[in-house]
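> One file: work_18.cif (mmCIF, N, CA, C and O atoms).
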```
data_final
#
loop_
_atom_site.label_atom_id
_atom_site.label_comp_id
_atom_site.auth_asym_id
_atom_site.auth_seq_id
_atom_site.Cartn_x
_atom_site.Cartn_y
_atom_site.Cartn_z
N MET N 359 -25.23 39.59 11.72
CA MET N 359 -25.12 38.18 12.00
C MET N 359 -25.00 37.42 10.68
O MET N 359 -25.73 37.68 9.73
N ALA N 360 -24.08 36.47 10.60
CA ALA N 360 -23.83 35.71 9.37
C ALA N 360 -24.88 34.64 9.18
O ALA N 360 -25.44 34.10 10.13
N ARG N 361 -25.18 34.34 7.93
CA ARG N 361 -26.15 33.30 7.60
C ARG N 361 -25.50 31.92 7.74
O ARG N 361 -24.34 31.75 7.41
N LYS N 362 -26.29 30.97 8.16
CA LYS N 362 -25.81 29.59 8.23
C LYS N 362 -25.76 28.98 6.84
O LYS N 362 -24.86 28.22 6.50
N HIS N 363 -26.72 29.30 5.99
CA HIS N 363 -26.79 28.79 4.63
C HIS N 363 -26.98 29.96 3.68
O HIS N 363 -27.55 30.98 4.05
N SER N 364 -26.50 29.80 2.47
CA SER N 364 -26.72 30.83 1.46
C SER N 364 -28.22 30.90 1.18
O SER N 364 -28.92 29.89 1.13
N LYS N 365 -28.75 32.10 0.96
CA LYS N 365 -30.18 32.21 0.72
C LYS N 365 -30.55 31.73 -0.68
O LYS N 365 -31.71 31.52 -0.98
N HIS N 366 -29.54 31.52 -1.56
CA HIS N 366 -29.81 31.07 -2.91
C HIS N 366 -29.52 29.59 -3.12
O HIS N 366 -29.89 29.02 -4.12
N ALA N 367 -28.83 28.98 -2.19
CA ALA N 367 -28.44 27.57 -2.36
C ALA N 367 -29.54 26.65 -1.85
O ALA N 367 -30.24 26.95 -0.89
N PHE N 368 -29.69 25.51 -2.54
CA PHE N 368 -30.65 24.50 -2.10
C PHE N 368 -30.04 23.75 -0.93
O PHE N 368 -28.89 23.34 -0.97
N HIS N 369 -30.80 23.57 0.11
CA HIS N 369 -30.32 22.76 1.22
C HIS N 369 -31.50 22.03 1.85
O HIS N 369 -32.59 22.55 1.95
N ASP N 370 -31.25 20.81 2.18
CA ASP N 370 -32.25 19.99 2.84
C ASP N 370 -31.49 19.06 3.77
O ASP N 370 -30.76 18.19 3.32
N ASP N 371 -31.64 19.26 5.07
CA ASP N 371 -30.85 18.51 6.03
C ASP N 371 -31.10 17.01 5.97
O ASP N 371 -30.24 16.22 6.31
N GLU N 372 -32.29 16.58 5.52
CA GLU N 372 -32.55 15.15 5.43
C GLU N 372 -31.78 14.52 4.26
O GLU N 372 -31.42 13.36 4.31
N LEU N 373 -31.54 15.29 3.19
CA LEU N 373 -30.86 14.74 2.02
C LEU N 373 -29.34 14.76 2.16
O LEU N 373 -28.66 13.96 1.57
N GLN N 374 -28.82 15.67 2.95
CA GLN N 374 -27.37 15.77 3.11
C GLN N 374 -26.94 14.96 4.31
O GLN N 374 -27.43 15.16 5.41
N ASP N 375 -26.00 14.06 4.09
CA ASP N 375 -25.48 13.24 5.18
C ASP N 375 -24.00 13.56 5.33
O ASP N 375 -23.16 12.99 4.65
N GLU N 376 -23.69 14.53 6.20
CA GLU N 376 -22.31 14.97 6.37
C GLU N 376 -21.46 13.94 7.09
O GLU N 376 -20.24 14.00 7.03
N ASP N 377 -22.09 12.98 7.80
CA ASP N 377 -21.33 11.98 8.52
C ASP N 377 -20.88 10.83 7.63
O ASP N 377 -20.06 10.02 8.03
N ALA N 378 -21.40 10.73 6.43
CA ALA N 378 -21.02 9.64 5.53
C ALA N 378 -19.60 9.86 5.05
O ALA N 378 -19.26 10.93 4.56
N PRO N 379 -18.74 8.85 5.19
CA PRO N 379 -17.36 9.01 4.73
C PRO N 379 -17.29 9.04 3.21
O PRO N 379 -18.09 8.41 2.53
N ALA N 380 -16.32 9.78 2.72
CA ALA N 380 -16.10 9.82 1.28
C ALA N 380 -15.58 8.46 0.83
O ALA N 380 -14.87 7.79 1.58
N PRO N 381 -15.94 8.02 -0.36
CA PRO N 381 -15.45 6.72 -0.81
C PRO N 381 -13.92 6.73 -0.90
O PRO N 381 -13.33 7.67 -1.41
N ALA N 382 -13.31 5.68 -0.36
CA ALA N 382 -11.85 5.60 -0.36
C ALA N 382 -11.33 5.25 -1.74
O ALA N 382 -11.82 4.34 -2.39
N VAL N 383 -10.36 6.01 -2.19
CA VAL N 383 -9.74 5.72 -3.48
C VAL N 383 -8.57 4.78 -3.24
O VAL N 383 -7.90 4.87 -2.21
N PRO N 384 -8.32 3.87 -4.15
CA PRO N 384 -7.21 2.94 -3.94
C PRO N 384 -5.86 3.60 -4.20
O PRO N 384 -5.73 4.48 -5.05
N CYS N 385 -4.87 3.15 -3.47
CA CYS N 385 -3.50 3.61 -3.66
C CYS N 385 -2.99 3.11 -5.00
O CYS N 385 -3.22 1.95 -5.37
N TRP N 386 -2.30 3.95 -5.72
CA TRP N 386 -1.79 3.62 -7.05
C TRP N 386 -0.77 2.48 -7.00
O TRP N 386 -0.74 1.64 -7.88
N LEU N 387 0.03 2.42 -5.94
CA LEU N 387 1.09 1.42 -5.86
C LEU N 387 0.60 0.11 -5.25
O LEU N 387 0.74 -0.94 -5.85
N CYS N 388 0.01 0.18 -4.06
CA CYS N 388 -0.32 -1.06 -3.34
C CYS N 388 -1.76 -1.51 -3.54
O CYS N 388 -2.09 -2.65 -3.24
N GLY N 389 -2.64 -0.62 -3.98
CA GLY N 389 -4.03 -0.99 -4.23
C GLY N 389 -4.92 -0.97 -3.00
O GLY N 389 -6.13 -1.16 -3.11
N ARG N 390 -4.34 -0.73 -1.81
CA ARG N 390 -5.16 -0.64 -0.60
C ARG N 390 -5.95 0.67 -0.62
O ARG N 390 -5.53 1.64 -1.24
N PRO N 391 -7.10 0.72 0.07
CA PRO N 391 -7.82 2.00 0.13
C PRO N 391 -7.00 3.03 0.90
O PRO N 391 -6.32 2.69 1.87
N THR N 392 -7.05 4.27 0.46
CA THR N 392 -6.32 5.33 1.15
C THR N 392 -7.06 5.70 2.42
O THR N 392 -8.26 5.51 2.53
N GLY N 393 -6.33 6.22 3.37
CA GLY N 393 -6.91 6.61 4.65
C GLY N 393 -7.23 8.09 4.69
O GLY N 393 -7.64 8.69 3.69
N LYS N 394 -7.01 8.69 5.84
CA LYS N 394 -7.32 10.11 6.02
C LYS N 394 -6.38 10.99 5.22
O LYS N 394 -6.77 12.04 4.74
N THR N 395 -5.14 10.57 5.08
CA THR N 395 -4.15 11.36 4.36
C THR N 395 -3.89 10.73 2.99
O THR N 395 -3.51 9.57 2.89
N ILE N 396 -4.10 11.51 1.96
CA ILE N 396 -3.83 11.06 0.60
C ILE N 396 -2.72 11.94 0.03
O ILE N 396 -2.81 13.16 0.07
N VAL N 397 -1.68 11.30 -0.47
CA VAL N 397 -0.58 12.02 -1.11
C VAL N 397 -0.83 11.94 -2.61
O VAL N 397 -1.05 10.87 -3.16
N TRP N 398 -0.82 13.08 -3.27
CA TRP N 398 -0.99 13.11 -4.73
C TRP N 398 0.40 13.12 -5.34
O TRP N 398 1.10 14.12 -5.32
N HIS N 399 0.79 11.97 -5.86
CA HIS N 399 2.15 11.71 -6.34
C HIS N 399 2.24 11.87 -7.86
O HIS N 399 1.33 11.47 -8.58
N HIS N 400 3.35 12.42 -8.33
CA HIS N 400 3.64 12.51 -9.76
C HIS N 400 4.44 11.27 -10.16
O HIS N 400 5.62 11.18 -9.80
N PRO N 401 3.84 10.29 -10.86
CA PRO N 401 4.60 9.11 -11.27
C PRO N 401 5.82 9.47 -12.10
O PRO N 401 6.88 8.89 -11.94
N VAL N 402 5.66 10.42 -13.00
CA VAL N 402 6.82 11.00 -13.70
C VAL N 402 7.10 12.30 -12.95
O VAL N 402 6.24 13.17 -12.87
N PRO N 403 8.29 12.43 -12.37
CA PRO N 403 8.58 13.62 -11.55
C PRO N 403 8.34 14.93 -12.32
O PRO N 403 8.55 15.00 -13.54
N LYS N 404 7.91 15.95 -11.59
CA LYS N 404 7.66 17.25 -12.20
C LYS N 404 8.91 17.79 -12.86
O LYS N 404 8.85 18.42 -13.90
N SER N 405 10.07 17.50 -12.27
CA SER N 405 11.33 17.97 -12.84
C SER N 405 11.63 17.32 -14.19
O SER N 405 12.46 17.80 -14.94
N ARG N 406 10.93 16.22 -14.48
CA ARG N 406 11.11 15.51 -15.75
C ARG N 406 9.91 15.69 -16.67
O ARG N 406 9.71 14.93 -17.61
N GLY N 407 9.07 16.69 -16.37
CA GLY N 407 7.94 17.00 -17.24
C GLY N 407 6.64 16.31 -16.87
O GLY N 407 5.67 16.38 -17.61
N GLY N 408 6.59 15.63 -15.73
CA GLY N 408 5.38 14.94 -15.32
C GLY N 408 4.27 15.89 -14.92
O GLY N 408 4.51 16.88 -14.23
N ARG N 409 3.06 15.60 -15.36
CA ARG N 409 1.90 16.42 -15.01
C ARG N 409 0.84 15.62 -14.29
O ARG N 409 0.10 16.15 -13.47
N ASP N 410 0.72 14.34 -14.62
CA ASP N 410 -0.32 13.50 -14.03
C ASP N 410 -0.01 13.23 -12.56
O ASP N 410 1.15 13.11 -12.17
N VAL N 411 -1.07 13.14 -11.76
CA VAL N 411 -0.92 12.78 -10.35
C VAL N 411 -1.81 11.58 -10.04
O VAL N 411 -2.84 11.38 -10.69
N VAL N 412 -1.37 10.79 -9.08
CA VAL N 412 -2.11 9.61 -8.66
C VAL N 412 -2.19 9.59 -7.14
O VAL N 412 -1.30 10.08 -6.46
N PRO N 413 -3.27 9.02 -6.57
CA PRO N 413 -3.39 8.96 -5.11
C PRO N 413 -2.51 7.84 -4.55
O PRO N 413 -2.45 6.75 -5.10
N MET N 414 -1.84 8.15 -3.45
CA MET N 414 -0.98 7.16 -2.80
C MET N 414 -0.98 7.38 -1.29
O MET N 414 -1.32 8.45 -0.81
N HIS N 415 -0.56 6.34 -0.58
CA HIS N 415 -0.24 6.48 0.84
C HIS N 415 1.11 7.16 0.94
O HIS N 415 1.96 6.98 0.05
N ALA N 416 1.35 7.89 2.00
CA ALA N 416 2.65 8.55 2.18
C ALA N 416 3.77 7.51 2.25
O ALA N 416 4.85 7.71 1.68
N ILE N 417 3.53 6.39 2.92
CA ILE N 417 4.55 5.36 3.05
C ILE N 417 4.88 4.72 1.70
O ILE N 417 6.03 4.38 1.43
N CYS N 418 3.90 4.60 0.83
CA CYS N 418 4.14 4.04 -0.51
C CYS N 418 4.96 5.02 -1.35
O CYS N 418 5.87 4.61 -2.07
N GLN N 419 4.65 6.31 -1.25
CA GLN N 419 5.42 7.30 -1.98
C GLN N 419 6.87 7.33 -1.50
O GLN N 419 7.79 7.38 -2.30
N GLN N 420 7.07 7.25 -0.19
CA GLN N 420 8.42 7.24 0.36
C GLN N 420 9.20 6.05 -0.16
O GLN N 420 10.39 6.16 -0.46
N THR N 421 8.55 4.91 -0.28
CA THR N 421 9.21 3.71 -0.79
C THR N 421 9.69 3.92 -2.22
O THR N 421 10.81 3.53 -2.57
N LEU N 422 8.86 4.55 -3.05
CA LEU N 422 9.28 4.82 -4.43
C LEU N 422 10.46 5.78 -4.47
O LEU N 422 11.42 5.58 -5.22
N ILE N 423 10.41 6.82 -3.66
CA ILE N 423 11.47 7.83 -3.65
C ILE N 423 12.80 7.22 -3.20
O ILE N 423 13.85 7.55 -3.75
N VAL N 424 12.74 6.30 -2.25
CA VAL N 424 13.95 5.68 -1.73
C VAL N 424 14.55 4.70 -2.75
O VAL N 424 15.76 4.58 -2.86
N ASN N 425 13.71 4.02 -3.51
CA ASN N 425 14.19 2.94 -4.37
C ASN N 425 14.44 3.32 -5.82
O ASN N 425 15.03 2.53 -6.56
N PHE N 426 14.00 4.48 -6.25
CA PHE N 426 14.16 4.87 -7.65
C PHE N 426 14.68 6.28 -7.76
O PHE N 426 14.32 7.15 -6.97
N THR N 427 15.49 6.52 -8.78
CA THR N 427 15.91 7.88 -9.09
C THR N 427 14.84 8.53 -9.95
O THR N 427 13.95 7.84 -10.48
N ASN N 428 14.93 9.84 -10.15
CA ASN N 428 13.97 10.52 -11.01
C ASN N 428 14.04 9.99 -12.44
O ASN N 428 13.02 9.88 -13.12
N SER N 429 15.23 9.66 -12.89
CA SER N 429 15.38 9.11 -14.25
C SER N 429 14.67 7.78 -14.38
O SER N 429 14.00 7.51 -15.38
N GLU N 430 14.79 6.92 -13.37
CA GLU N 430 14.11 5.62 -13.41
C GLU N 430 12.60 5.79 -13.37
O GLU N 430 11.87 5.11 -14.09
N LEU N 431 12.14 6.71 -12.53
CA LEU N 431 10.70 6.97 -12.46
C LEU N 431 10.18 7.51 -13.79
O LEU N 431 9.08 7.15 -14.22
N GLN N 432 10.96 8.33 -14.45
CA GLN N 432 10.56 8.84 -15.76
C GLN N 432 10.46 7.70 -16.77
O GLN N 432 9.51 7.64 -17.54
N ARG N 433 11.40 6.78 -16.75
CA ARG N 433 11.38 5.65 -17.68
C ARG N 433 10.18 4.75 -17.45
O ARG N 433 9.55 4.28 -18.39
N HIS N 434 9.84 4.52 -16.16
CA HIS N 434 8.70 3.64 -15.85
C HIS N 434 7.38 4.33 -16.10
O HIS N 434 6.39 3.67 -16.45
N GLY N 435 7.33 5.64 -15.91
CA GLY N 435 6.10 6.39 -16.16
C GLY N 435 4.94 5.89 -15.32
O GLY N 435 5.05 5.74 -14.11
N MET N 436 3.82 5.61 -15.97
CA MET N 436 2.60 5.19 -15.28
C MET N 436 2.51 3.66 -15.13
O MET N 436 1.48 3.14 -14.73
N ASP N 437 3.57 2.94 -15.45
CA ASP N 437 3.58 1.48 -15.43
C ASP N 437 3.86 0.95 -14.02
O ASP N 437 5.01 0.80 -13.61
N VAL N 438 2.80 0.65 -13.27
CA VAL N 438 2.95 0.15 -11.90
C VAL N 438 3.63 -1.22 -11.89
O VAL N 438 4.45 -1.50 -11.02
N GLU N 439 3.30 -2.05 -12.86
CA GLU N 439 3.89 -3.39 -12.91
C GLU N 439 5.41 -3.34 -13.02
O GLU N 439 6.10 -4.17 -12.44
N ALA N 440 5.94 -2.37 -13.76
CA ALA N 440 7.39 -2.24 -13.87
C ALA N 440 8.00 -1.85 -12.52
O ALA N 440 9.08 -2.33 -12.17
N LEU N 441 7.31 -1.01 -11.77
CA LEU N 441 7.80 -0.64 -10.44
C LEU N 441 7.75 -1.83 -9.50
O LEU N 441 8.65 -2.04 -8.69
N LEU N 442 6.68 -2.63 -9.61
CA LEU N 442 6.53 -3.79 -8.74
C LEU N 442 7.49 -4.92 -9.10
O LEU N 442 7.66 -5.85 -8.33
N ALA N 443 8.12 -4.83 -10.26
CA ALA N 443 9.10 -5.83 -10.65
C ALA N 443 10.38 -5.70 -9.82
O ALA N 443 11.15 -6.66 -9.71
N ASN N 444 10.58 -4.53 -9.22
CA ASN N 444 11.72 -4.34 -8.32
C ASN N 444 11.48 -5.18 -7.07
O ASN N 444 10.44 -5.04 -6.41
N PRO N 445 12.42 -6.08 -6.70
CA PRO N 445 12.20 -6.97 -5.55
C PRO N 445 11.95 -6.24 -4.23
O PRO N 445 11.14 -6.69 -3.42
N THR N 446 12.61 -5.12 -4.03
CA THR N 446 12.43 -4.37 -2.78
C THR N 446 11.02 -3.79 -2.69
O THR N 446 10.38 -3.86 -1.64
N VAL N 447 10.54 -3.24 -3.79
CA VAL N 447 9.20 -2.66 -3.81
C VAL N 447 8.15 -3.76 -3.68
O VAL N 447 7.18 -3.62 -2.95
N ARG N 448 8.35 -4.89 -4.37
CA ARG N 448 7.41 -6.02 -4.26
C ARG N 448 7.35 -6.53 -2.82
O ARG N 448 6.28 -6.78 -2.29
N LYS N 449 8.49 -6.64 -2.17
CA LYS N 449 8.53 -7.09 -0.78
C LYS N 449 7.78 -6.11 0.12
O LYS N 449 7.01 -6.52 0.99
N PHE N 450 7.97 -4.81 -0.12
CA PHE N 450 7.26 -3.79 0.66
C PHE N 450 5.76 -3.90 0.46
O PHE N 450 4.99 -3.88 1.44
N VAL N 451 5.30 -4.00 -0.78
CA VAL N 451 3.86 -4.06 -1.07
C VAL N 451 3.24 -5.31 -0.44
O VAL N 451 2.14 -5.25 0.12
N ASP N 452 3.94 -6.43 -0.48
CA ASP N 452 3.44 -7.65 0.17
C ASP N 452 3.36 -7.46 1.68
O ASP N 452 2.42 -7.93 2.33
N TRP N 453 4.34 -6.77 2.26
CA TRP N 453 4.38 -6.54 3.70
C TRP N 453 3.27 -5.59 4.15
O TRP N 453 2.61 -5.81 5.16
N VAL N 454 3.01 -4.54 3.38
CA VAL N 454 2.04 -3.52 3.78
C VAL N 454 0.60 -3.91 3.44
O VAL N 454 -0.34 -3.25 3.88
N ALA N 455 0.41 -4.99 2.72
CA ALA N 455 -0.92 -5.37 2.21
C ALA N 455 -1.98 -5.50 3.30
O ALA N 455 -3.13 -5.14 3.09
N ASN N 456 -1.63 -5.99 4.48
CA ASN N 456 -2.61 -6.20 5.54
C ASN N 456 -2.61 -5.11 6.60
O ASN N 456 -3.24 -5.26 7.64
N LYS N 457 -1.90 -4.02 6.35
CA LYS N 457 -1.83 -2.92 7.32
C LYS N 457 -3.04 -2.00 7.16
O LYS N 457 -3.70 -1.96 6.14
N ASP N 458 -3.31 -1.25 8.22
CA ASP N 458 -4.38 -0.25 8.24
C ASP N 458 -4.09 0.84 7.19
O ASP N 458 -2.92 1.15 6.96
N PRO N 459 -5.11 1.40 6.54
CA PRO N 459 -4.87 2.45 5.54
C PRO N 459 -4.07 3.65 6.06
O PRO N 459 -3.34 4.28 5.31
N ASP N 460 -4.17 3.96 7.35
CA ASP N 460 -3.45 5.09 7.91
C ASP N 460 -2.12 4.68 8.55
O ASP N 460 -1.48 5.48 9.23
N PHE N 461 -1.69 3.44 8.32
CA PHE N 461 -0.43 2.95 8.87
C PHE N 461 0.74 3.75 8.30
O PHE N 461 0.78 4.08 7.13
N THR N 462 1.69 4.05 9.16
CA THR N 462 2.90 4.74 8.73
C THR N 462 4.09 4.15 9.47
O THR N 462 3.95 3.62 10.56
N ALA N 463 5.24 4.22 8.86
CA ALA N 463 6.47 3.72 9.46
C ALA N 463 7.64 4.47 8.83
O ALA N 463 7.51 5.09 7.79
N THR N 464 8.79 4.36 9.46
CA THR N 464 9.99 4.98 8.93
C THR N 464 10.54 4.11 7.81
O THR N 464 10.65 2.91 7.94
N ILE N 465 10.88 4.75 6.72
CA ILE N 465 11.45 4.05 5.57
C ILE N 465 12.95 4.33 5.55
O ILE N 465 13.39 5.43 5.82
N ALA N 466 13.73 3.30 5.23
CA ALA N 466 15.19 3.46 5.15
C ALA N 466 15.55 4.52 4.12
O ALA N 466 14.90 4.64 3.08
N LYS N 467 16.60 5.25 4.39
CA LYS N 467 17.02 6.30 3.48
C LYS N 467 17.77 5.73 2.29
O LYS N 467 18.26 4.61 2.33
N LYS N 468 17.86 6.53 1.24
CA LYS N 468 18.59 6.14 0.03
C LYS N 468 20.04 5.84 0.37
O LYS N 468 20.65 6.53 1.17
N ARG N 469 20.57 4.83 -0.28
CA ARG N 469 21.99 4.55 -0.17
C ARG N 469 22.70 5.35 -1.25
O ARG N 469 22.36 5.24 -2.41
N ARG N 470 23.66 6.13 -0.90
CA ARG N 470 24.36 6.96 -1.89
C ARG N 470 25.77 6.50 -2.07
O ARG N 470 26.45 6.06 -1.30
#
```
Translate this file's structure into structure tokens.


Amino acid sequence: MARKHSKHAFHDDELQDEDAPAPAVPCWLCGRPTGKTIVWHHPVPKSRGGRDVVPMHAICQQTLIVNFTNSELQRHGMDVEALLANPTVRKFVDWVANKDPDFTATIAKKRR
């Protein structure tokens, strides 16, 4: 029969509160708290040498992918303000500001 707890680990059911939600981290682009799903986005694409990741909503990441090429994302790097200077992205962030953290919607595809 398997053990419920390791015999070497400290455990005290009164001290552990498994029902407490983890603190919500803010989205890198819109600043809203993230919901159940967190996308770890590379502000500088991996194909362009990016290593850093930031937490984002899936809908926010899709907006960046639709509105910027990898070259543009590489140029902007970690500068959120430069991304928000794009009128389409600014309009999106203003629109999504009052939505639920787990809100999702279809984003228009890239125009080629």

> Pick the closest to N:Asp410 from N:Ile423, N:Asp458, N:Arg390, N:Trp398: which is it, counting all atoms listed in the file?

N:Trp398

> What's the separation between atom O of N:Leu387 and atom O of N:Val438, in Å to one decimal place?

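It comes out at 6.4 Å.
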
> So the first atom is atom CA of N:Ala440 and the second is atom N of N:Pro381; what is the distance between them in Å, to one decimal place?

28.8 Å

> So which one's closest to N:His415, N:Val383, N:Met436, N:Leu431, N:Val402? Using only C-alpha atoms, please.

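Ranked by minimum distance to N:His415, first place goes to N:Val383.
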
> Enumerate, as number ranges by chain, the residues matched when the PyMOL selection byres ((chain N and resi 391) around 7) is run on the file above.

N: 382-385, 388-390, 392-393, 457-460

> Could you write out that same residue set with N, CA, C and O atoms as a tab-separated table (two decimals), in the frame of the given file?


```
chain	number	residue	atom	x	y	z
N	382	ALA	N	-13.31	5.68	-0.36
N	382	ALA	CA	-11.85	5.60	-0.36
N	382	ALA	C	-11.33	5.25	-1.74
N	382	ALA	O	-11.82	4.34	-2.39
N	383	VAL	N	-10.36	6.01	-2.19
N	383	VAL	CA	-9.74	5.72	-3.48
N	383	VAL	C	-8.57	4.78	-3.24
N	383	VAL	O	-7.90	4.87	-2.21
N	384	PRO	N	-8.32	3.87	-4.15
N	384	PRO	CA	-7.21	2.94	-3.94
N	384	PRO	C	-5.86	3.60	-4.20
N	384	PRO	O	-5.73	4.48	-5.05
N	385	CYS	N	-4.87	3.15	-3.47
N	385	CYS	CA	-3.50	3.61	-3.66
N	385	CYS	C	-2.99	3.11	-5.00
N	385	CYS	O	-3.22	1.95	-5.37
N	388	CYS	N	0.01	0.18	-4.06
N	388	CYS	CA	-0.32	-1.06	-3.34
N	388	CYS	C	-1.76	-1.51	-3.54
N	388	CYS	O	-2.09	-2.65	-3.24
N	389	GLY	N	-2.64	-0.62	-3.98
N	389	GLY	CA	-4.03	-0.99	-4.23
N	389	GLY	C	-4.92	-0.97	-3.00
N	389	GLY	O	-6.13	-1.16	-3.11
N	390	ARG	N	-4.34	-0.73	-1.81
N	390	ARG	CA	-5.16	-0.64	-0.60
N	390	ARG	C	-5.95	0.67	-0.62
N	390	ARG	O	-5.53	1.64	-1.24
N	392	THR	N	-7.05	4.27	0.46
N	392	THR	CA	-6.32	5.33	1.15
N	392	THR	C	-7.06	5.70	2.42
N	392	THR	O	-8.26	5.51	2.53
N	393	GLY	N	-6.33	6.22	3.37
N	393	GLY	CA	-6.91	6.61	4.65
N	393	GLY	C	-7.23	8.09	4.69
N	393	GLY	O	-7.64	8.69	3.69
N	457	LYS	N	-1.90	-4.02	6.35
N	457	LYS	CA	-1.83	-2.92	7.32
N	457	LYS	C	-3.04	-2.00	7.16
N	457	LYS	O	-3.70	-1.96	6.14
N	458	ASP	N	-3.31	-1.25	8.22
N	458	ASP	CA	-4.38	-0.25	8.24
N	458	ASP	C	-4.09	0.84	7.19
N	458	ASP	O	-2.92	1.15	6.96
N	459	PRO	N	-5.11	1.40	6.54
N	459	PRO	CA	-4.87	2.45	5.54
N	459	PRO	C	-4.07	3.65	6.06
N	459	PRO	O	-3.34	4.28	5.31
N	460	ASP	N	-4.17	3.96	7.35
N	460	ASP	CA	-3.45	5.09	7.91
N	460	ASP	C	-2.12	4.68	8.55
N	460	ASP	O	-1.48	5.48	9.23
```

> So how many Å separate atom O of N:Phe461 and atom N of N:Thr421, to one decimal?

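Taking atom O of N:Phe461 as the start and atom N of N:Thr421 as the end point, the length is 10.8 Å.
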
> Measuring atom to atom with all atoms listed in the file, identify which of N:Ser429, N:Asn456, N:Asn444, N:Thr462 is nearest to N:Arg406.

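Looking at the shortest contact to N:Arg406, the residue is N:Ser429.
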
> Which polymer residues have any atom within 8 Å of an atom of N:Ala416, counting only C-alpha atoms, with same-chain residues fewer than 5 positions away left out, as a PyMOL selection string?

chain N and resi 395-397+462

> List, as a PyMOL selection string, every residue that the PyMOL selection byres (((chain N and resi 420 and name CA) around 12) and name CA) selects in the file provided.

chain N and resi 387+397+399+414-419+421-426+447+450+462-468

> Fewer than 5 positions away in the same chain doesn't count, so skip those; otherwise give me all residues within 9 Å of N:Gly408, counting only C-alpha atoms, as a ChimeraX atom specification.

/N:400-403,432,435

> Please dump the current selection as a CSV table (one decimal), keeping the file's coordinate frame; keep N, CA, C and O atoms.


```csv
chain,number,residue,atom,x,y,z
N,400,HIS,N,3.4,12.4,-8.3
N,400,HIS,CA,3.6,12.5,-9.8
N,400,HIS,C,4.4,11.3,-10.2
N,400,HIS,O,5.6,11.2,-9.8
N,401,PRO,N,3.8,10.3,-10.9
N,401,PRO,CA,4.6,9.1,-11.3
N,401,PRO,C,5.8,9.5,-12.1
N,401,PRO,O,6.9,8.9,-11.9
N,402,VAL,N,5.7,10.4,-13.0
N,402,VAL,CA,6.8,11.0,-13.7
N,402,VAL,C,7.1,12.3,-13.0
N,402,VAL,O,6.2,13.2,-12.9
N,403,PRO,N,8.3,12.4,-12.4
N,403,PRO,CA,8.6,13.6,-11.6
N,403,PRO,C,8.3,14.9,-12.3
N,403,PRO,O,8.6,15.0,-13.5
N,432,GLN,N,11.0,8.3,-14.4
N,432,GLN,CA,10.6,8.8,-15.8
N,432,GLN,C,10.5,7.7,-16.8
N,432,GLN,O,9.5,7.6,-17.5
N,435,GLY,N,7.3,5.6,-15.9
N,435,GLY,CA,6.1,6.4,-16.2
N,435,GLY,C,4.9,5.9,-15.3
N,435,GLY,O,5.0,5.7,-14.1
```
